[in-house]
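A.B. asks: Sending over upload.txt (compact mmCIF, C-alpha atoms).
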```txt
# COMPACT_ATOMS: atom_id res chain seq x y z
CA MET A 93 0.00 0.00 0.00
CA SER A 94 2.73 2.45 -1.02
CA ASN A 95 0.12 5.12 -1.78
CA VAL A 96 -0.55 5.61 1.95
CA ARG A 97 0.46 9.19 2.63
CA ALA A 98 1.68 10.06 6.09
CA PRO A 99 0.65 11.42 8.46
CA TRP A 100 -2.24 9.20 9.50
CA ARG A 101 -4.80 10.31 12.10
CA TYR A 102 -2.92 8.11 14.55
CA ASP A 103 0.79 7.96 13.85
CA PHE A 104 4.16 7.60 15.54
CA VAL A 105 7.61 9.10 15.12
CA GLY A 106 9.59 5.97 14.30
CA SER A 107 11.99 4.49 16.85
CA PHE A 108 11.13 1.61 19.20
CA LEU A 109 12.76 0.02 22.22
CA ARG A 110 15.44 -2.46 21.14
CA PRO A 111 14.82 -6.02 22.35
CA GLN A 112 17.56 -7.37 24.59
CA ARG A 113 18.69 -9.94 22.02
CA LEU A 114 19.42 -7.10 19.59
CA LYS A 115 21.37 -5.13 22.20
CA ASP A 116 23.35 -8.28 23.03
CA ALA A 117 24.12 -8.95 19.37
CA ARG A 118 25.34 -5.40 18.82
CA ALA A 119 27.58 -5.63 21.89
CA LYS A 120 29.05 -8.90 20.57
CA PHE A 121 29.62 -7.31 17.17
CA GLU A 122 31.45 -4.38 18.76
CA LYS A 123 33.71 -6.86 20.58
CA GLY A 124 34.36 -8.82 17.38
CA GLU A 125 32.57 -11.90 18.70
CA ILE A 126 30.14 -12.05 15.75
CA ASP A 127 30.41 -10.76 12.18
CA ALA A 128 28.22 -8.28 10.29
CA ALA A 129 26.14 -11.06 8.73
CA ALA A 130 25.28 -12.51 12.13
CA LEU A 131 24.32 -9.07 13.44
CA LYS A 132 22.16 -8.43 10.38
CA ALA A 133 20.32 -11.70 10.90
CA VAL A 134 19.38 -10.65 14.44
CA GLU A 135 18.38 -7.17 13.18
CA ASP A 136 16.22 -8.66 10.43
CA ASP A 137 14.42 -10.94 12.88
CA ALA A 138 13.86 -8.14 15.43
CA ILE A 139 12.56 -5.79 12.72
CA ALA A 140 10.13 -8.42 11.42
CA GLU A 141 8.79 -8.78 14.97
CA VAL A 142 8.42 -5.05 15.65
CA VAL A 143 6.65 -4.53 12.33
CA ALA A 144 4.24 -7.33 13.16
CA ARG A 145 3.40 -5.58 16.43
CA GLN A 146 2.75 -2.29 14.59
CA LYS A 147 0.37 -4.10 12.25
CA VAL A 148 -1.48 -5.89 15.07
CA LEU A 149 -2.21 -2.49 16.60
CA GLY A 150 -3.69 -1.32 13.29
CA TYR A 151 -1.17 1.33 12.30
CA HIS A 152 -0.95 2.17 8.60
CA ILE A 153 2.62 3.46 8.59
CA ILE A 154 5.40 1.06 9.55
CA THR A 155 9.08 1.61 10.37
CA ASP A 156 12.02 -0.64 11.21
CA GLY A 157 12.16 0.90 14.68
CA GLU A 158 15.58 2.32 13.73
CA PHE A 159 16.95 -1.04 14.91
CA ARG A 160 20.04 -0.85 12.68
CA ARG A 161 21.20 2.44 14.23
CA ALA A 162 23.07 3.52 17.33
CA THR A 163 21.39 6.94 17.23
CA TRP A 164 18.52 8.54 15.37
CA HIS A 165 20.78 10.95 13.44
CA LEU A 166 24.51 10.23 13.54
CA ASP A 167 24.44 6.87 11.73
CA PHE A 168 22.85 8.65 8.77
CA MET A 169 25.63 11.24 8.70
CA TRP A 170 28.28 8.51 8.87
CA GLY A 171 26.96 7.23 5.53
CA PHE A 172 28.45 10.27 3.78
CA GLN A 173 32.02 10.80 2.65
CA GLY A 174 33.77 13.58 4.55
CA VAL A 175 32.14 12.64 7.89
CA THR A 176 33.94 10.78 10.67
CA HIS A 177 33.32 10.02 14.34
CA THR A 178 35.12 9.03 17.53
CA LYS A 179 34.03 7.85 20.95
CA THR A 180 33.04 10.84 23.04
CA ALA A 181 34.72 11.85 26.28
CA SER A 182 31.96 14.12 27.57
CA GLY A 183 28.84 13.51 25.46
CA ILE A 184 26.00 15.95 24.81
CA PRO A 185 24.53 17.68 27.90
CA PHE A 186 20.94 16.67 28.64
CA HIS A 187 18.82 17.72 31.59
CA ASP A 188 19.62 14.78 33.89
CA GLU A 189 22.58 13.01 32.29
CA PRO A 190 24.94 13.37 29.32
CA ALA A 191 24.10 11.55 26.10
CA MET A 192 27.26 9.55 25.46
CA ILE A 193 27.03 9.49 21.68
CA ASP A 194 30.00 9.66 19.33
CA ASP A 195 31.59 13.00 18.51
CA THR A 196 30.81 13.48 14.80
CA TYR A 197 32.66 15.97 12.61
CA LEU A 198 34.17 16.52 9.17
CA ASN A 199 37.38 15.03 7.81
CA GLY A 200 36.72 16.18 4.25
CA ARG A 201 34.12 17.80 2.02
CA VAL A 202 30.63 16.34 2.32
CA SER A 203 29.63 14.06 -0.55
CA LEU A 204 27.75 10.86 -1.25
CA GLU A 205 29.48 8.27 -3.40
CA GLY A 206 27.37 5.26 -4.24
CA GLU A 207 24.24 4.18 -2.41
CA HIS A 208 23.56 5.42 1.10
CA PRO A 209 23.27 2.55 3.65
CA PHE A 210 19.77 3.66 4.66
CA VAL A 211 18.47 2.71 1.22
CA SER A 212 19.09 -0.99 1.84
CA HIS A 213 17.50 -0.52 5.27
CA TYR A 214 14.43 0.84 3.52
CA ARG A 215 14.23 -2.03 1.03
CA TYR A 216 13.89 -4.48 3.90
CA ILE A 217 11.12 -2.57 5.65
CA LYS A 218 9.32 -2.08 2.33
CA SER A 219 9.12 -5.85 1.96
CA PHE A 220 6.58 -5.82 4.81
CA GLU A 221 4.15 -3.45 3.09
CA ASP A 222 0.69 -4.87 2.48
CA ALA A 223 -2.82 -3.72 1.56
CA ASN A 224 -3.11 -1.69 4.78
CA THR A 225 0.41 -0.39 5.43
CA ALA A 226 3.23 1.60 3.87
CA ALA A 227 6.82 2.00 5.03
CA LYS A 228 8.15 5.30 6.33
CA GLN A 229 11.86 6.17 6.24
CA THR A 230 13.12 8.43 9.00
CA MET A 231 16.36 10.43 8.87
CA PRO A 232 17.81 13.57 10.44
CA ALA A 233 16.75 16.80 8.75
CA PRO A 234 19.30 18.53 6.51
CA ALA A 235 19.30 21.36 9.07
CA GLN A 236 20.29 18.81 11.72
CA PHE A 237 23.25 17.74 9.58
CA LEU A 238 24.24 21.38 9.16
CA GLU A 239 23.88 22.06 12.88
CA GLN A 240 26.14 19.13 13.74
CA MET A 241 28.92 20.60 11.63
CA ILE A 242 28.66 24.18 12.94
CA PHE A 243 28.37 23.48 16.64
CA PRO A 244 31.21 25.31 18.44
CA MET A 245 33.08 22.03 19.01
CA SER A 246 32.89 21.20 15.27
CA MET A 247 33.76 24.60 13.79
CA GLU A 248 37.52 24.06 13.65
CA ALA A 249 37.19 20.84 11.66
CA THR A 250 34.49 22.29 9.37
CA GLY A 251 36.55 25.41 8.74
CA LYS A 252 39.41 23.31 7.36
CA TYR A 253 37.25 22.03 4.51
CA TYR A 254 34.90 24.99 4.04
CA PRO A 255 37.08 28.01 4.75
CA LEU A 256 36.26 31.63 4.07
CA PRO A 257 39.18 33.83 2.95
CA GLY A 258 38.90 35.98 6.05
CA GLY A 259 38.30 33.06 8.41
CA GLY A 260 35.19 31.18 9.46
CA VAL A 261 33.00 28.70 7.59
CA ASP A 262 31.72 29.09 4.04
CA MET A 263 28.08 28.34 4.82
CA ASP A 264 26.95 28.58 1.20
CA ALA A 265 29.40 25.89 0.08
CA LEU A 266 28.66 23.63 3.05
CA MET A 267 24.90 23.93 2.54
CA ALA A 268 25.23 23.23 -1.18
CA ASP A 269 27.16 20.01 -0.53
CA ILE A 270 24.72 18.83 2.15
CA ALA A 271 21.74 19.56 -0.11
CA ALA A 272 23.36 17.69 -3.01
CA GLY A 273 23.94 14.66 -0.78
CA TYR A 274 20.37 14.67 0.51
CA LYS A 275 18.97 14.97 -3.00
CA LYS A 276 20.88 11.82 -3.94
CA VAL A 277 19.56 9.93 -0.92
CA ILE A 278 16.00 11.07 -1.66
CA GLN A 279 16.35 9.98 -5.28
CA GLN A 280 17.75 6.60 -4.23
CA LEU A 281 14.94 6.04 -1.73
CA TYR A 282 12.33 7.04 -4.31
CA ALA A 283 13.79 4.61 -6.83
CA ALA A 284 13.55 1.91 -4.14
CA GLY A 285 9.82 2.64 -3.84
CA CYS A 286 9.79 5.03 -0.88
CA ARG A 287 6.94 7.54 -0.84
CA ASN A 288 7.08 8.61 2.83
CA ILE A 289 10.11 10.33 4.37
CA GLN A 290 10.30 11.93 7.79
CA PHE A 291 12.95 14.49 8.68
CA ASP A 292 13.76 14.52 12.40
CA ASP A 293 14.87 17.97 13.50
CA CYS A 294 16.12 19.08 16.92
CA THR A 295 17.55 22.34 15.61
CA TRP A 296 14.42 24.38 16.38
CA GLY A 297 14.40 23.14 19.94
CA CYS A 298 17.91 24.56 20.25
CA PHE A 299 16.90 27.89 18.74
CA VAL A 300 14.01 28.45 21.16
CA ASP A 301 15.98 27.39 24.24
CA PRO A 302 17.01 30.20 26.64
CA THR A 303 20.65 29.13 26.22
CA ALA A 304 20.59 29.24 22.40
CA GLU A 305 23.45 31.74 22.21
CA PHE A 306 25.66 29.36 24.17
CA ILE A 307 24.52 26.28 22.22
CA PHE A 308 25.42 27.84 18.87
CA GLY A 309 28.19 30.15 20.04
CA ARG A 310 26.47 33.06 18.29
CA SER A 311 24.83 36.35 19.24
CA LYS A 312 21.06 36.91 19.06
CA GLU A 313 21.51 38.81 15.81
CA GLU A 314 23.60 36.00 14.33
CA LEU A 315 21.02 33.44 15.43
CA LYS A 316 18.31 35.21 13.43
CA VAL A 317 20.44 34.89 10.30
CA LEU A 318 21.14 31.25 11.11
CA GLU A 319 17.43 30.46 11.55
CA LYS A 320 16.76 31.60 7.99
CA GLN A 321 19.69 29.54 6.73
CA PHE A 322 18.33 26.44 8.47
CA VAL A 323 14.93 26.78 6.80
CA GLN A 324 16.74 27.36 3.52
CA MET A 325 18.84 24.24 4.17
CA ASN A 326 15.79 22.02 4.52
CA ASN A 327 14.09 23.56 1.50
CA MET A 328 17.20 23.17 -0.65
CA ALA A 329 17.19 19.43 0.00
CA ILE A 330 13.43 19.14 -0.66
CA GLU A 331 13.46 21.20 -3.85
CA GLY A 332 12.70 19.16 -6.95
CA LYS A 333 11.37 16.11 -5.10
CA PRO A 334 8.84 13.92 -6.95
CA GLU A 335 5.27 15.16 -6.62
CA ASP A 336 4.04 11.93 -5.02
CA LEU A 337 6.79 11.79 -2.40
CA VAL A 338 5.64 12.96 1.05
CA ILE A 339 8.26 14.61 3.25
CA ASN A 340 7.23 15.51 6.79
CA SER A 341 9.22 17.04 9.64
CA HIS A 342 9.36 16.01 13.28
CA ILE A 343 10.49 18.81 15.62
CA CYS A 344 11.96 17.74 18.95
CA ARG A 345 13.77 19.08 22.02
CA GLY A 346 15.94 16.06 22.68
CA ASN A 347 14.97 12.52 23.66
CA PHE A 348 17.57 10.41 25.48
CA HIS A 349 16.94 7.87 28.24
CA SER A 350 13.70 9.70 29.18
CA THR A 351 15.41 13.05 29.57
CA TRP A 352 15.57 16.18 27.40
CA ALA A 353 18.05 18.76 26.11
CA CYS A 354 16.08 21.94 25.34
CA GLN A 355 12.96 23.84 26.33
CA GLY A 356 10.89 26.70 24.98
CA GLY A 357 7.71 27.30 23.00
CA TYR A 358 7.50 27.56 19.22
CA ASP A 359 6.57 31.27 19.30
CA SER A 360 9.84 32.81 18.06
CA ILE A 361 10.30 30.44 15.10
CA ALA A 362 6.67 29.61 14.23
CA GLU A 363 6.08 32.10 11.43
CA LEU A 364 9.41 31.32 9.77
CA VAL A 365 9.24 27.53 10.08
CA PHE A 366 5.53 26.67 10.03
CA GLY A 367 4.93 29.06 7.18
CA GLY A 368 8.17 28.71 5.27
CA GLU A 369 9.43 25.13 5.41
CA ASN A 370 8.21 23.16 2.39
CA VAL A 371 7.15 19.95 4.09
CA ASN A 372 3.73 18.30 4.03
CA ALA A 373 3.25 18.10 7.79
CA PHE A 374 4.92 18.79 11.14
CA PHE A 375 5.07 16.29 13.99
CA LEU A 376 5.24 18.61 17.01
CA GLU A 377 6.29 17.84 20.56
CA TYR A 378 3.52 18.90 22.95
CA ASP A 379 3.77 16.44 25.83
CA ASP A 380 4.64 18.92 28.59
CA ALA A 381 5.02 22.59 29.44
CA ARG A 382 8.44 22.81 27.77
CA SER A 383 6.71 23.11 24.38
CA GLY A 384 4.60 26.15 25.24
CA SER A 385 1.10 26.91 24.00
CA PHE A 386 -0.79 26.01 20.83
CA GLU A 387 -1.06 29.64 19.73
CA PRO A 388 1.93 29.41 17.33
CA LEU A 389 -0.11 26.95 15.26
CA LYS A 390 -1.88 29.96 13.76
CA TYR A 391 1.21 30.41 11.57
CA VAL A 392 0.94 26.97 9.94
CA SER A 393 0.37 27.46 6.23
CA PRO A 394 -2.97 26.06 4.98
CA ASP A 395 -1.35 23.31 2.90
CA LYS A 396 0.16 21.56 5.94
CA LYS A 397 -1.08 19.13 8.59
CA ILE A 398 -0.01 19.08 12.23
CA VAL A 399 0.57 15.91 14.22
CA LEU A 400 0.15 16.71 17.91
CA GLY A 401 2.68 14.84 20.04
CA LEU A 402 0.50 14.75 23.16
CA ILE A 403 1.44 11.29 24.42
CA THR A 404 4.88 11.18 26.04
CA THR A 405 7.43 8.45 25.37
CA LYS A 406 9.50 9.60 28.36
CA SER A 407 7.21 8.10 31.00
CA PRO A 408 5.41 4.75 31.33
CA PHE A 409 2.28 6.33 32.80
CA LEU A 410 -0.73 6.43 30.48
CA GLU A 411 -2.31 9.81 29.83
CA ASP A 412 -5.95 10.47 30.63
CA LYS A 413 -8.05 10.15 27.48
CA ASN A 414 -10.33 13.06 28.25
CA ALA A 415 -7.41 15.34 29.06
CA VAL A 416 -5.79 14.53 25.71
CA LYS A 417 -9.07 15.11 23.87
CA ALA A 418 -9.40 18.48 25.60
CA ARG A 419 -5.94 19.45 24.38
CA ILE A 420 -6.82 18.44 20.82
CA GLU A 421 -9.92 20.64 21.08
CA GLU A 422 -7.77 23.50 22.36
CA ALA A 423 -5.35 23.11 19.43
CA SER A 424 -8.29 23.14 16.99
CA LYS A 425 -8.90 26.78 17.93
CA TYR A 426 -5.79 27.63 15.91
CA ILE A 427 -5.88 25.04 13.14
CA PRO A 428 -8.93 23.10 11.87
CA LEU A 429 -9.53 19.68 13.39
CA GLU A 430 -9.42 18.03 9.96
CA ARG A 431 -5.78 19.11 9.62
CA LEU A 432 -4.76 17.67 12.99
CA CYS A 433 -3.48 14.19 13.86
CA LEU A 434 -2.17 12.51 17.03
CA SER A 435 1.06 10.72 17.95
CA PRO A 436 3.59 10.30 20.74
CA GLN A 437 5.86 13.34 21.04
CA CYS A 438 8.97 11.41 19.93
CA GLY A 439 10.33 7.92 19.41
CA PHE A 440 10.66 5.40 22.22
CA ALA A 441 14.39 4.89 21.65
CA SER A 442 16.08 7.74 19.81
CA CYS A 443 19.33 6.04 20.85
CA GLU A 444 20.03 2.37 21.57
CA ILE A 445 19.67 2.88 25.32
CA GLY A 446 15.97 3.68 24.93
CA ASN A 447 13.60 5.47 27.27
CA LYS A 448 12.65 4.30 30.75
CA LEU A 449 9.62 2.14 30.05
CA THR A 450 8.99 -1.46 29.05
CA GLU A 451 8.03 -2.78 25.63
CA GLN A 452 4.59 -3.61 27.05
CA GLN A 453 4.19 0.00 28.21
CA GLN A 454 5.42 1.21 24.79
CA TRP A 455 2.65 -0.69 23.00
CA ALA A 456 0.09 0.50 25.54
CA LYS A 457 1.01 4.07 24.62
CA LEU A 458 0.40 3.36 20.94
CA ARG A 459 -2.93 1.66 21.67
CA LEU A 460 -3.95 4.79 23.56
CA VAL A 461 -2.99 7.04 20.63
CA LYS A 462 -5.16 4.99 18.26
CA GLU A 463 -8.11 4.81 20.65
CA ILE A 464 -8.14 8.56 21.21
CA ALA A 465 -7.76 9.30 17.49
CA GLU A 466 -10.69 7.05 16.63
CA ASP A 467 -12.79 8.71 19.33
CA VAL A 468 -11.98 12.16 17.93
CA TRP A 469 -11.99 11.57 14.18
CA GLY A 470 -13.89 8.27 13.90
CA LYS A 471 -12.76 4.96 12.42
```
Let me see whether you can do it: turn the structure in this file into structure tokens.
C.D. replies:
Amino acid sequence: MSNVRAPWRYDFVGSFLRPQRLKDARAKFEKGEIDAAALKAVEDDAIAEVVARQKVLGYHIITDGEFRRATWHLDFMWGFQGVTHTKTASGIPFHDEPAMIDDTYLNGRVSLEGEHPFVSHYRYIKSFEDANTAAKQTMPAPAQFLEQMIFPMSMEATGKYYPLPGGGVDMDALMADIAAGYKKVIQQLYAAGCRNIQFDDCTWGCFVDPTAEFIFGRSKEELKVLEKQFVQMNNMAIEGKPEDLVINSHICRGNFHSTWACQGGYDSIAELVFGGENVNAFFLEYDDARSGSFEPLKYVSPDKKIVLGLITTKSPFLEDKNAVKARIEEASKYIPLERLCLSPQCGFASCEIGNKLTEQQQWAKLRLVKEIAEDVWGK
């Protein structure tokens, strides 16, 4: 059912808790105790199982749970030439603990030679499509790729390969190379039969955070310029896509082991992003007060849908149905109900470690999303 166009009334972001056998296999692979073929066999089996669970629940979009990745974003970047990574010493600061994910930076100009590894990942998940389901491919947004390479800790490496005559980074050249690489990946996925792509984008969570100047190492005035460049970055990659290819964007504030990285409402970036980014829909985090009010939804252009992330993946406790329905009604004051959908605010395991809930609790969350959606919009 490759003509299923995301988002669905009840949807999800994409990542799922890794079963223990998959975590064990990856640990053995890292130690050299099993080879890549043995790891892939475990991945294939675990993906087949997680897809079956998605189907049993009645979801129309399926993903591989991101089971072949260490993180939601960095593995994708490692598929490009000019990108390298090393084990981190300090990790990325989150609210309660550091995210110990690899330091990722440039060791050359960004390019894509040959097929990106995610394309073969997609072919496997596509094999599970049927009359009721279609596969969705998730990947970090182009802006997320750009952000990774212009973080203060990455600027020295990036400046070596994209230098300006007077010092600093040639943003135009860097953005052009990233866009060219994404266009190739999008073309490869489309040729493999993909019609649903989701960009995952934490950049806007960084921009709205009170510490944004520190995060980016830029002044408020420089941040305003950078915001426009980030929208441009995403649109450059999308430009020229096939008409029947859906590209949606998931905006997040960090999701690691049930903790978070950023906070702040959408107000300051809403008009620029919701009105100017050329995606079909936005999956928006709205599971707690860190995301602010629904008022910024008034800036969503009329051609876009909004998926309200009202069910949290950070906690095992089930939300109250009536409270969630009341929030949907509140959001409908700013955007018509027919253009709204429902999902968890993020994935259940943006990194291998996963959030602090069980697989049983994970599936209970998704059952709740579907039940509420059918109550609100009908079956």
A.B. asks: Can you pull out the residues contacting Pro394 (chain A)? Cut-off 12 Å, using all atoms listed in the file, and skip same-chain residues under 6 positions away; I want them as a PyMOL selection string.
C.D. replies: chain A and resi 366-368+370-373+426-428+430-432
A.B. asks: What's the separation between CA of Met263 (chain A) and CA of Val317 (chain A), in Å to one decimal place?
C.D. replies: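 Between CA of Met263 (chain A) and CA of Val317 (chain A) the gap is 11.5 Å.
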A.B. asks: Find the spatial neighbours of Gly356 (chain A), counting only C-alpha atoms, within a cut-off of 8 Å - ignore same-chain residues fewer than 2 positions away - and output them as a PyMOL selection string.
C.D. replies: chain A and resi 297+300-302+354+358+382-384
A.B. asks: With all atoms listed in the file counted and 7 Å as the cut-off, give the residues of region 151-209 of chain A in contact with region 107-114 of chain A, each with its shortest interatomic distance in Å and the pair that gives it, as JSON lines.
C.D. replies:
```
{"residue": "A:Gly157", "atom": "CA", "partner": "A:Ser107", "partner_atom": "CA", "distance": 4.2}
{"residue": "A:Glu158", "atom": "CA", "partner": "A:Ser107", "partner_atom": "CA", "distance": 5.2}
{"residue": "A:Phe159", "atom": "CA", "partner": "A:Arg110", "partner_atom": "CA", "distance": 6.6}
```
A.B. asks: To one decimal place in Å, what is the distance between CA of Asp379 (chain A) and CA of Glu141 (chain A)?
C.D. replies: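 Computed distance, CA of Asp379 (chain A) to CA of Glu141 (chain A), equals 27.9 Å.
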A.B. asks: Report, in Å with one decimal, the straight-line distance from CA of Asp292 (chain A) to CA of Val323 (chain A).
C.D. replies: 13.5 Å
A.B. asks: Could you tell me which of A:Thr404, A:Ser385, A:Ser360, A:Thr163 comes closest to Pro232 (chain A) if we count only C-alpha atoms?
C.D. replies: A:Thr163
A.B. asks: May I ask which of the residues A:Asp188, A:Glu377, A:Glu463, A:Glu221 is the closest one to Ile398 (chain A), counting all atoms listed in the file?
C.D. replies: A:Glu377
A.B. asks: Closest to Gly200 (chain A) among A:Ser219, A:Phe243, A:Leu266, A:Phe374, using all atoms listed in the file?
C.D. replies: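 Among the listed residues, A:Leu266 lies closest to Gly200 (chain A).
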A.B. asks: With all atoms listed in the file counted, which protein, DNA or RNA residues have an atom no more than 10 Å from (30.7, 17.0, 13.3) in the file frame? Please answer as a ChimeraX atom specification.
C.D. replies: /A:166,169-170,174-177,194-199,237-250
A.B. asks: Of the candidates A:Ser442, A:Asp264, A:His342, A:Lys457, which shows the shortest atom-to-atom distance to Asp167 (chain A), using only C-alpha atoms?
C.D. replies: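 Checking each candidate against Asp167 (chain A), we get A:Ser442 as the closest.
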A.B. asks: Quick one: which region 333-422 of chain A residues come within 7 Å of region 446-453 of chain A, and what is the nearest atom pair for each with the distance in Å to one decimal, counting all atoms listed in the file, rows ordered by chain and ascending number, as a tab-separated table?
C.D. replies:
```
residue	atom	partner	partner_atom	distance
A:Phe348	CA	A:Asn447	CA	6.6
A:His349	CA	A:Asn447	CA	4.2
A:Ser350	CA	A:Asn447	CA	4.6
A:Lys406	CA	A:Asn447	CA	5.9
A:Ser407	CA	A:Leu449	CA	6.5
A:Pro408	CA	A:Leu449	CA	5.1
```
